[in-house]
Amino acid sequence: MELKGIGVGSKAVVGDVFRLETSEAVAEHQKTSHTPGEETSVLATAIATTAATIRSETASSDPTTIEIMDALLIILEDPELQQMAKPHLEAGFDAPTALFKALDEFAELMGDDEDFKSRVGDLRGIATRISSWVRGIAQGPSIPQEGRWIIVADDLTPLETSQFGPSVVGVVTELGGPTSHTAIICRALSLPAVVSAKGAMALEQGSSVLVDPVGNRVLPDSDLSQATQSISFIPHADTPLITVRANIGGLEDAKKASATSARGVGLFRTEVLYLAQASEPSIEQQTSAYTEVLKAAPAGKIIIRTIDAGSDKPVPFLKLGNEENPALGVRGFRLNTKHGGFVISQLKAIAAAINATGRDVGVMAPMVSSVEEVRTFAALCAEAGIQSVGIMIETPAIISLMPDLAGLVNFVSIGTNDLSQYLFAADRMHPELGGFSNPWQPGLLRNVSQVVTHAKALGIPVGVCGESAANPLLAIVFAGLGVESVSAAPSAVDSVSEALRAVGAQKASEAATLALRASTAEDAEASVRSLFEGD
Amino acid sequence: MGQQVVRAITVMDPIGLHARPVGQIVTLVRESGMTVTLRRPDGLEASAVSALKMLAMRVKVGESLEIVIDAEDSEATTALGASIEALINQV
């Protein structure tokens, strides 16, 4: 039976299912007939032995992985943890149960600590190995070095992905989305993957499957000839149907973008310049940083986004504190209320860099949701001497307010990742909500169309700078919807550009109509794909 | 109580005092053989050989922290204090 999911990568692969799962007997709570004293020494020995095994397994990994694994092992080796386990041992539980309970208690103590939350899965993973050693249950997660394996799991943790060797050729997960840890790692390792594939854990161990990321599916007993082909576009025009720009975060990206066919920069994420700064840089320091980037950026218009930080993306000198709901908190342009001085210094530095380089630059604000915010931003830009002013379209509220923005902004740019998060009320990083981040969701595309309609009435251009524009088919859909420019990571610029040189306005408009008509993400993608498969 | 060397620092790491530097501090302090405590302005403190206790202090970016070494001021304590500070602020 075919499984549907969200594909990562463009190459299909065939391999044998290797299911990573924890035997329930390893994780369950058990009482023991041994004395607490006996179990205490069992626990100490089990932790020491397992830690030594894991240290030797990861010895040849990259330095970052080694440091993180070492930190996790040091936490588990901490005598304090064994102290926390003691009451449970005295209550008659065996060593692994007491360890699980102590870890749960500690996790509760750490509450919403983001760093710790991201590590707790790995800590439990190591505790599970300790448990299987104590209980003598054969340990699952040891991927054979020989063979061609498709790793199948609920979701993957860094501990698990760090064990991937050359015998791992693909990945299928039951949970996760296009921006989850698993998807990011698979992209980085060029491993074909299908995430958010419901029913994956029912795949039979050792059976042969085809991982077909382009088709967003997993097929049992199939060969590569059944894989969905990525559409190859044959360019016939010299210039793309709409402008293709690059997304950059700093000087290195700007240089990379210049080596592509990008016409300018659609999104310069300026927070990257500040994330590592302990104190606020002077206007002069900022100006020279912006000047360098503007000089190196590809020819064409450059759109700079002012700082987009928040408690989930903190900048040390802004002291943003902790928030219950970082995605719904003080972030993006909302920082202006408390840190207005910094926003002004950023705009002054950008204006100085524009003067120094003579580049055509637009400046936009992230995360605005009211007309007042847009007015404030436009006034700040005017004061700094910035001519071309824009905003990001990332909240549902600002879409309906667009008719009121006449004379305030010169352009808008849609950030599809955050717009999805706020339209669907679905955390981008939530493992079980990955499907909502699918950029083919009609709930998103119909809003993009609405933005274009409002922008046409205002007579201003619309760009799309979210992850979605890196997908050539979606870039065509955006062109057909009336978007004037798309921008993508430097590595994706050329493939998007090629696709947009291969289609005319008529075909793009047909694609947009099909995508808007669909009721589900799956139908939207399938109908647009079939329009181009015949070519 | 014997002599103490106190080094006051501000945590610069965007994610505060987190698992990776804490692990490195435990290793460093164990090797040094000295008694080291991390202390927050509110008086809450943790032994620098307990990863769990240091993490449980939940020190965030921008917060002050004191590195307290139970020893007479010497080149060795200055170097150890500086190394711990460098591990906390790897930014």
# chains A, B, ... in the order shown; residues from 1 in each chain; ligands from 1
call {"tool": "residues_around", "arguments": {"residues": "Gln3 in chain B", "least_positions_apart": "4", "cutoff": "10 Å", "atoms": "only C-alpha atoms", "output": "list in words"}}
result
Ile69, Asp70, Ala71, Glu72 and Asp73 of chain B
call {"tool": "interface_residues", "arguments": {"of": "chain B", "to": "chain A", "cutoff": "7 Å", "atoms": "only C-alpha atoms", "output": "ChimeraX atom specification"}}
result
/B:12-15,18-20,22-24,50-52,56,61-62,91
call {"tool": "write_last_selection", "arguments": {"atoms": "C-alpha atoms", "output": "JSON list (two decimals), in the first residue's frame"}}
result
[["chain", "number", "residue", "atom", "x", "y", "z"],
["B", 12, "MET", "CA", 26.33, 36.41, 26.56],
["B", 13, "ASP", "CA", 25.30, 33.13, 24.97],
["B", 14, "PRO", "CA", 21.88, 33.65, 23.35],
["B", 15, "ILE", "CA", 20.58, 30.40, 24.82],
["B", 18, "HIS", "CA", 23.13, 25.30, 28.27],
["B", 19, "ALA", "CA", 24.02, 21.62, 28.03],
["B", 20, "ARG", "CA", 27.12, 21.82, 25.86],
["B", 22, "VAL", "CA", 27.96, 22.82, 31.10],
["B", 23, "GLY", "CA", 29.44, 19.49, 30.00],
["B", 24, "GLN", "CA", 32.71, 21.18, 29.10],
["B", 50, "SER", "CA", 27.24, 18.87, 38.73],
["B", 51, "ALA", "CA", 25.85, 19.32, 35.22],
["B", 52, "LEU", "CA", 22.35, 18.79, 36.56],
["B", 56, "ALA", "CA", 18.71, 23.58, 36.97],
["B", 61, "VAL", "CA", 21.34, 35.42, 28.40],
["B", 62, "GLY", "CA", 22.08, 38.81, 29.98],
["B", 91, "VAL", "CA", 29.84, 33.68, 21.24]]
call {"tool": "atom_distance", "arguments": {"atom1": "CA of Val374 in chain A", "atom2": "CA of Ala262 in chain A"}}
result
28.8 Å
call {"tool": "select_by_dssp", "arguments": {"residues": "range 430-498 of chain A", "states": "alpha helix (DSSP H)", "output": "number ranges by chain"}}
result
A: 442-458, 472-481, 490-498
call {"tool": "residues_around", "arguments": {"residues": "range 25-37 of chain B", "least_positions_apart": "4", "cutoff": "6 Å", "atoms": "only C-alpha atoms", "output": "PDB file with C-alpha atoms, in the first residue's frame"}}
result
ATOM      1  CA  ALA B  46      25.577  25.028  41.957  1.00  0.00           C
ATOM      2  CA  SER B  47      28.723  22.976  42.158  1.00  0.00           C
ATOM      3  CA  ALA B  48      30.594  23.204  38.857  1.00  0.00           C
ATOM      4  CA  VAL B  49      31.008  19.432  38.767  1.00  0.00           C
ATOM      5  CA  VAL B  68      33.589  31.163  42.851  1.00  0.00           C
ATOM      6  CA  ILE B  69      36.814  29.210  43.299  1.00  0.00           C
ATOM      7  CA  ASP B  70      37.689  27.997  46.808  1.00  0.00           C
TER       8      ASP B  70
END
call {"tool": "select_by_dssp", "arguments": {"residues": "chain B", "states": "strand (DSSP E or B)", "output": "number ranges by chain"}}
result
B: 5-10, 36-39, 45-47, 64-69
call {"tool": "atom_distance", "arguments": {"atom1": "CA of Gly390 in chain A", "atom2": "CA of Phe268 in chain A"}}
result
13.1 Å
call {"tool": "decode", "arguments": {"residues": "chain B", "atoms": "C-alpha atoms", "output": "PDB file, in the first residue's frame"}}
result
ATOM      1  CA  MET B   1      35.622  29.247  55.417  1.00  0.00           C
ATOM      2  CA  GLY B   2      38.899  29.572  53.549  1.00  0.00           C
ATOM      3  CA  GLN B   3      39.831  32.004  50.836  1.00  0.00           C
ATOM      4  CA  GLN B   4      37.768  32.463  47.709  1.00  0.00           C
ATOM      5  CA  VAL B   5      38.350  33.956  44.309  1.00  0.00           C
ATOM      6  CA  VAL B   6      35.224  35.462  42.754  1.00  0.00           C
ATOM      7  CA  ARG B   7      34.925  36.284  39.057  1.00  0.00           C
ATOM      8  CA  ALA B   8      31.760  38.167  38.039  1.00  0.00           C
ATOM      9  CA  ILE B   9      30.537  37.681  34.474  1.00  0.00           C
ATOM     10  CA  THR B  10      27.511  38.392  32.291  1.00  0.00           C
ATOM     11  CA  VAL B  11      26.153  35.484  30.267  1.00  0.00           C
ATOM     12  CA  MET B  12      26.327  36.405  26.557  1.00  0.00           C
ATOM     13  CA  ASP B  13      25.299  33.130  24.968  1.00  0.00           C
ATOM     14  CA  PRO B  14      21.880  33.648  23.354  1.00  0.00           C
ATOM     15  CA  ILE B  15      20.583  30.400  24.819  1.00  0.00           C
ATOM     16  CA  GLY B  16      22.021  31.014  28.281  1.00  0.00           C
ATOM     17  CA  LEU B  17      23.990  28.426  30.234  1.00  0.00           C
ATOM     18  CA  HIS B  18      23.126  25.304  28.268  1.00  0.00           C
ATOM     19  CA  ALA B  19      24.020  21.620  28.031  1.00  0.00           C
ATOM     20  CA  ARG B  20      27.123  21.817  25.856  1.00  0.00           C
ATOM     21  CA  PRO B  21      29.174  24.379  27.840  1.00  0.00           C
ATOM     22  CA  VAL B  22      27.960  22.825  31.102  1.00  0.00           C
ATOM     23  CA  GLY B  23      29.435  19.488  29.997  1.00  0.00           C
ATOM     24  CA  GLN B  24      32.707  21.181  29.103  1.00  0.00           C
ATOM     25  CA  ILE B  25      32.840  22.990  32.464  1.00  0.00           C
ATOM     26  CA  VAL B  26      32.390  19.715  34.379  1.00  0.00           C
ATOM     27  CA  THR B  27      35.294  18.155  32.476  1.00  0.00           C
ATOM     28  CA  LEU B  28      37.521  21.212  32.989  1.00  0.00           C
ATOM     29  CA  VAL B  29      36.790  21.606  36.714  1.00  0.00           C
ATOM     30  CA  ARG B  30      37.253  17.887  37.377  1.00  0.00           C
ATOM     31  CA  GLU B  31      40.664  18.042  35.699  1.00  0.00           C
ATOM     32  CA  SER B  32      41.649  21.113  37.725  1.00  0.00           C
ATOM     33  CA  GLY B  33      40.960  19.356  41.026  1.00  0.00           C
ATOM     34  CA  MET B  34      39.691  22.666  42.468  1.00  0.00           C
ATOM     35  CA  THR B  35      36.366  23.370  44.158  1.00  0.00           C
ATOM     36  CA  VAL B  36      34.308  25.676  41.967  1.00  0.00           C
ATOM     37  CA  THR B  37      30.775  26.992  42.422  1.00  0.00           C
ATOM     38  CA  LEU B  38      28.588  29.042  40.080  1.00  0.00           C
ATOM     39  CA  ARG B  39      26.461  31.554  41.943  1.00  0.00           C
ATOM     40  CA  ARG B  40      23.553  33.664  40.800  1.00  0.00           C
ATOM     41  CA  PRO B  41      22.856  37.160  42.208  1.00  0.00           C
ATOM     42  CA  ASP B  42      19.883  35.732  44.148  1.00  0.00           C
ATOM     43  CA  GLY B  43      22.257  33.443  46.042  1.00  0.00           C
ATOM     44  CA  LEU B  44      21.266  30.227  44.234  1.00  0.00           C
ATOM     45  CA  GLU B  45      24.412  28.240  43.555  1.00  0.00           C
ATOM     46  CA  ALA B  46      25.577  25.028  41.957  1.00  0.00           C
ATOM     47  CA  SER B  47      28.723  22.976  42.158  1.00  0.00           C
ATOM     48  CA  ALA B  48      30.594  23.204  38.857  1.00  0.00           C
ATOM     49  CA  VAL B  49      31.008  19.432  38.767  1.00  0.00           C
ATOM     50  CA  SER B  50      27.239  18.875  38.733  1.00  0.00           C
ATOM     51  CA  ALA B  51      25.850  19.325  35.221  1.00  0.00           C
ATOM     52  CA  LEU B  52      22.348  18.793  36.562  1.00  0.00           C
ATOM     53  CA  LYS B  53      22.593  21.486  39.238  1.00  0.00           C
ATOM     54  CA  MET B  54      24.125  24.023  36.862  1.00  0.00           C
ATOM     55  CA  LEU B  55      21.385  23.418  34.280  1.00  0.00           C
ATOM     56  CA  ALA B  56      18.713  23.585  36.968  1.00  0.00           C
ATOM     57  CA  MET B  57      19.799  27.172  37.773  1.00  0.00           C
ATOM     58  CA  ARG B  58      18.365  28.030  34.344  1.00  0.00           C
ATOM     59  CA  VAL B  59      20.693  30.950  33.704  1.00  0.00           C
ATOM     60  CA  LYS B  60      19.540  33.060  30.745  1.00  0.00           C
ATOM     61  CA  VAL B  61      21.340  35.419  28.402  1.00  0.00           C
ATOM     62  CA  GLY B  62      22.078  38.811  29.983  1.00  0.00           C
ATOM     63  CA  GLU B  63      22.073  37.451  33.553  1.00  0.00           C
ATOM     64  CA  SER B  64      24.997  37.940  35.939  1.00  0.00           C
ATOM     65  CA  LEU B  65      26.847  34.982  37.321  1.00  0.00           C
ATOM     66  CA  GLU B  66      29.744  34.606  39.741  1.00  0.00           C
ATOM     67  CA  ILE B  67      32.417  31.966  39.328  1.00  0.00           C
ATOM     68  CA  VAL B  68      33.589  31.163  42.851  1.00  0.00           C
ATOM     69  CA  ILE B  69      36.814  29.210  43.299  1.00  0.00           C
ATOM     70  CA  ASP B  70      37.689  27.997  46.808  1.00  0.00           C
ATOM     71  CA  ALA B  71      41.388  28.847  46.776  1.00  0.00           C
ATOM     72  CA  GLU B  72      43.896  31.625  47.226  1.00  0.00           C
ATOM     73  CA  ASP B  73      44.190  33.998  44.310  1.00  0.00           C
ATOM     74  CA  SER B  74      46.887  32.677  41.966  1.00  0.00           C
ATOM     75  CA  GLU B  75      47.731  32.344  38.293  1.00  0.00           C
ATOM     76  CA  ALA B  76      46.020  28.976  38.299  1.00  0.00           C
ATOM     77  CA  THR B  77      42.707  30.320  39.661  1.00  0.00           C
ATOM     78  CA  THR B  78      42.775  33.269  37.238  1.00  0.00           C
ATOM     79  CA  ALA B  79      43.365  30.908  34.333  1.00  0.00           C
ATOM     80  CA  LEU B  80      40.623  28.521  35.470  1.00  0.00           C
ATOM     81  CA  GLY B  81      38.148  31.401  35.961  1.00  0.00           C
ATOM     82  CA  ALA B  82      38.959  32.767  32.521  1.00  0.00           C
ATOM     83  CA  SER B  83      38.568  29.343  30.886  1.00  0.00           C
ATOM     84  CA  ILE B  84      35.175  28.795  32.532  1.00  0.00           C
ATOM     85  CA  GLU B  85      34.050  32.251  31.402  1.00  0.00           C
ATOM     86  CA  ALA B  86      35.225  31.451  27.875  1.00  0.00           C
ATOM     87  CA  LEU B  87      33.210  28.199  27.904  1.00  0.00           C
ATOM     88  CA  ILE B  88      30.059  29.997  29.080  1.00  0.00           C
ATOM     89  CA  ASN B  89      30.434  32.810  26.538  1.00  0.00           C
ATOM     90  CA  GLN B  90      31.472  31.025  23.361  1.00  0.00           C
ATOM     91  CA  VAL B  91      29.836  33.678  21.236  1.00  0.00           C
TER      92      VAL B  91
END
